[in-house]
Amino acid sequence: HWSRFALALFYESKSIDMQTLLNSQHWRGKYVFDDPIVRYLSIENYKFSRDESEMLALLVHTSVPFGIDALSKIRVAEAADGEEGRVRAELITQEQILRSVGELLPILSGVTPCKSVLHTWEQSQVSKGFYQSSNIVHQPAALALGLEETGPFKVLLEDDLHSKEDPLLIIAGDLFTESNFEGCIASAHAAANEILRRLC
């Protein structure tokens with residue numbers, strides 16, 4: 001799995017010109033392709049409220065290469081100096097992300113958030129799909145699991161679709177397709193179709 005960080009930033013409305021910030025951006029969430037650290041930004045206010053007098057809530061996801069490198073440095077620091085080393089390395093990571101955010105959103109450059117939460121997302125993205133390590137010939141975008149007489153589960157494939165057996169579980173996700181948003185959608189559709197086929 002690939003690692004990255006998610007950083008939630010909260011800014012008091014009095015510390016920044018919220019109206020200018022919100023009016024200057026033609027997005028509420030966007031992917032960033034030309035920055036080595038930041039990969040995704042989201043103005044969270046728009047998910048919950050449009051009140052510009054509230055504090056700004058900004059969510060930042062880092063790129064995978066930055067995440068892997070920073071997480072490795074945090075683990076080395078923790079191995080050397082314990083909890084103190086980990087906290088120090090996490091603060092350095094957060095400062096790097098904040099600098100990058102300031103470059104992408106100059107209105108926030110030099111502004112200290114009133115609160116921040118750094119989340120280490122150790123399994124943020126699939127690096128090796130399910131079928132890369134299995135011998136399943138037919139590779140559906142979602143799997144139906146049923147009881148196995150000799151073990152806990154069996155995969156219900158096309159031959160089982162006409163049986164009366166109902167699956168205990170239908171599992172889905174980009175693990176079965178490709179590691180991106182389109183892969184998630186494709187797998188969700190496959191899971192929904194699997195359910196509908198068994199209900200109809």
# chains A, B, ... in the order shown; residues from 1 in each chain; ligands from 1
$ residues_around --residues "A:Ser24" --least-positions-apart "4" --cutoff "12 Å" --atoms "only C-alpha atoms" --output "PyMOL selection string"
chain A and resi 17-20+28+105-107
$ closest_residue --among "A:Ile185, A:Val38, A:Ile16, A:Leu169" --to "A:Ser109" --atoms "only C-alpha atoms"
A:Ile16
$ residues_around --residues "A:Phe5" --least-positions-apart "5" --cutoff "9 Å" --atoms "only C-alpha atoms" --output "list in words"
Val60, His61, Thr62, Ser63, Val64, Phe66, Gly67, Ala70, Leu71, Leu118, His119, Thr120, Trp121, Glu122 and Ser124 of chain A
$ write_last_selection --atoms "N, CA, C and O atoms" --output "JSON list (two decimals), in the first residue's frame"
[["chain", "number", "residue", "atom", "x", "y", "z"],
["A", 60, "VAL", "N", -6.01, 19.03, 3.29],
["A", 60, "VAL", "CA", -4.89, 18.85, 2.37],
["A", 60, "VAL", "C", -4.48, 17.38, 2.36],
["A", 60, "VAL", "O", -4.30, 16.78, 3.43],
["A", 61, "HIS", "N", -4.34, 16.79, 1.18],
["A", 61, "HIS", "CA", -3.76, 15.46, 1.04],
["A", 61, "HIS", "C", -2.41, 15.62, 0.36],
["A", 61, "HIS", "O", -2.29, 16.38, -0.60],
["A", 62, "THR", "N", -1.42, 14.89, 0.84],
["A", 62, "THR", "CA", -0.10, 14.98, 0.21],
["A", 62, "THR", "C", 0.02, 13.98, -0.94],
["A", 62, "THR", "O", -0.80, 13.08, -1.09],
["A", 63, "SER", "N", 1.08, 14.14, -1.69],
["A", 63, "SER", "CA", 1.38, 13.18, -2.75],
["A", 63, "SER", "C", 1.93, 11.91, -2.12],
["A", 63, "SER", "O", 2.43, 11.91, -0.99],
["A", 64, "VAL", "N", 1.84, 10.81, -2.84],
["A", 64, "VAL", "CA", 2.36, 9.54, -2.34],
["A", 64, "VAL", "C", 3.88, 9.59, -2.16],
["A", 64, "VAL", "O", 4.39, 9.17, -1.11],
["A", 66, "PHE", "N", 5.90, 12.05, -1.48],
["A", 66, "PHE", "CA", 6.20, 12.83, -0.27],
["A", 66, "PHE", "C", 5.80, 12.04, 0.97],
["A", 66, "PHE", "O", 6.53, 11.99, 1.96],
["A", 67, "GLY", "N", 4.62, 11.41, 0.93],
["A", 67, "GLY", "CA", 4.13, 10.65, 2.08],
["A", 67, "GLY", "C", 5.05, 9.52, 2.47],
["A", 67, "GLY", "O", 5.35, 9.32, 3.65],
["A", 70, "ALA", "N", 8.34, 11.09, 3.93],
["A", 70, "ALA", "CA", 8.14, 11.70, 5.25],
["A", 70, "ALA", "C", 7.86, 10.65, 6.31],
["A", 70, "ALA", "O", 8.37, 10.73, 7.43],
["A", 71, "LEU", "N", 7.05, 9.65, 5.98],
["A", 71, "LEU", "CA", 6.74, 8.59, 6.94],
["A", 71, "LEU", "C", 8.00, 7.81, 7.31],
["A", 71, "LEU", "O", 8.20, 7.44, 8.48],
["A", 118, "LEU", "N", -2.76, 16.49, 11.89],
["A", 118, "LEU", "CA", -2.03, 15.71, 10.89],
["A", 118, "LEU", "C", -2.40, 14.24, 11.06],
["A", 118, "LEU", "O", -2.28, 13.68, 12.15],
["A", 119, "HIS", "N", -2.84, 13.63, 9.98],
["A", 119, "HIS", "CA", -3.22, 12.21, 10.03],
["A", 119, "HIS", "C", -2.30, 11.42, 9.10],
["A", 119, "HIS", "O", -2.17, 11.75, 7.92],
["A", 120, "THR", "N", -1.64, 10.42, 9.65],
["A", 120, "THR", "CA", -0.82, 9.54, 8.84],
["A", 120, "THR", "C", -1.72, 8.50, 8.20],
["A", 120, "THR", "O", -2.35, 7.70, 8.88],
["A", 121, "TRP", "N", -1.77, 8.51, 6.89],
["A", 121, "TRP", "CA", -2.67, 7.66, 6.12],
["A", 121, "TRP", "C", -1.81, 6.56, 5.49],
["A", 121, "TRP", "O", -1.39, 6.65, 4.34],
["A", 122, "GLU", "N", -1.52, 5.53, 6.27],
["A", 122, "GLU", "CA", -0.53, 4.54, 5.85],
["A", 122, "GLU", "C", -0.99, 3.68, 4.69],
["A", 122, "GLU", "O", -0.17, 3.16, 3.95],
["A", 124, "SER", "N", -3.30, 4.55, 1.96],
["A", 124, "SER", "CA", -4.17, 5.50, 1.27],
["A", 124, "SER", "C", -4.54, 5.05, -0.13],
["A", 124, "SER", "O", -5.51, 5.52, -0.69]]
$ closest_residue --among "A:Leu56, A:Val87, A:Ala141, A:Leu175" --to "A:Ala192" --atoms "only C-alpha atoms"
A:Ala141
$ closest_residue --among "A:Gly173, A:Gly85, A:Gly29, A:Pro113" --to "A:Met55" --atoms "only C-alpha atoms"
A:Pro113
$ atom_distance --atom1 "atom CA of A:Arg75" --atom2 "atom CA of A:Thr112"
26.4 Å
$ closest_residue --among "A:Glu44, A:Glu194, A:Glu95, A:Glu103" --to "A:Ala142" --atoms "only C-alpha atoms"
A:Glu194
$ select_by_dssp --residues "stretch 33-122 of chain A" --states "strand (DSSP E)" --output "number ranges by chain"
A: 38-43, 56-62, 115-122
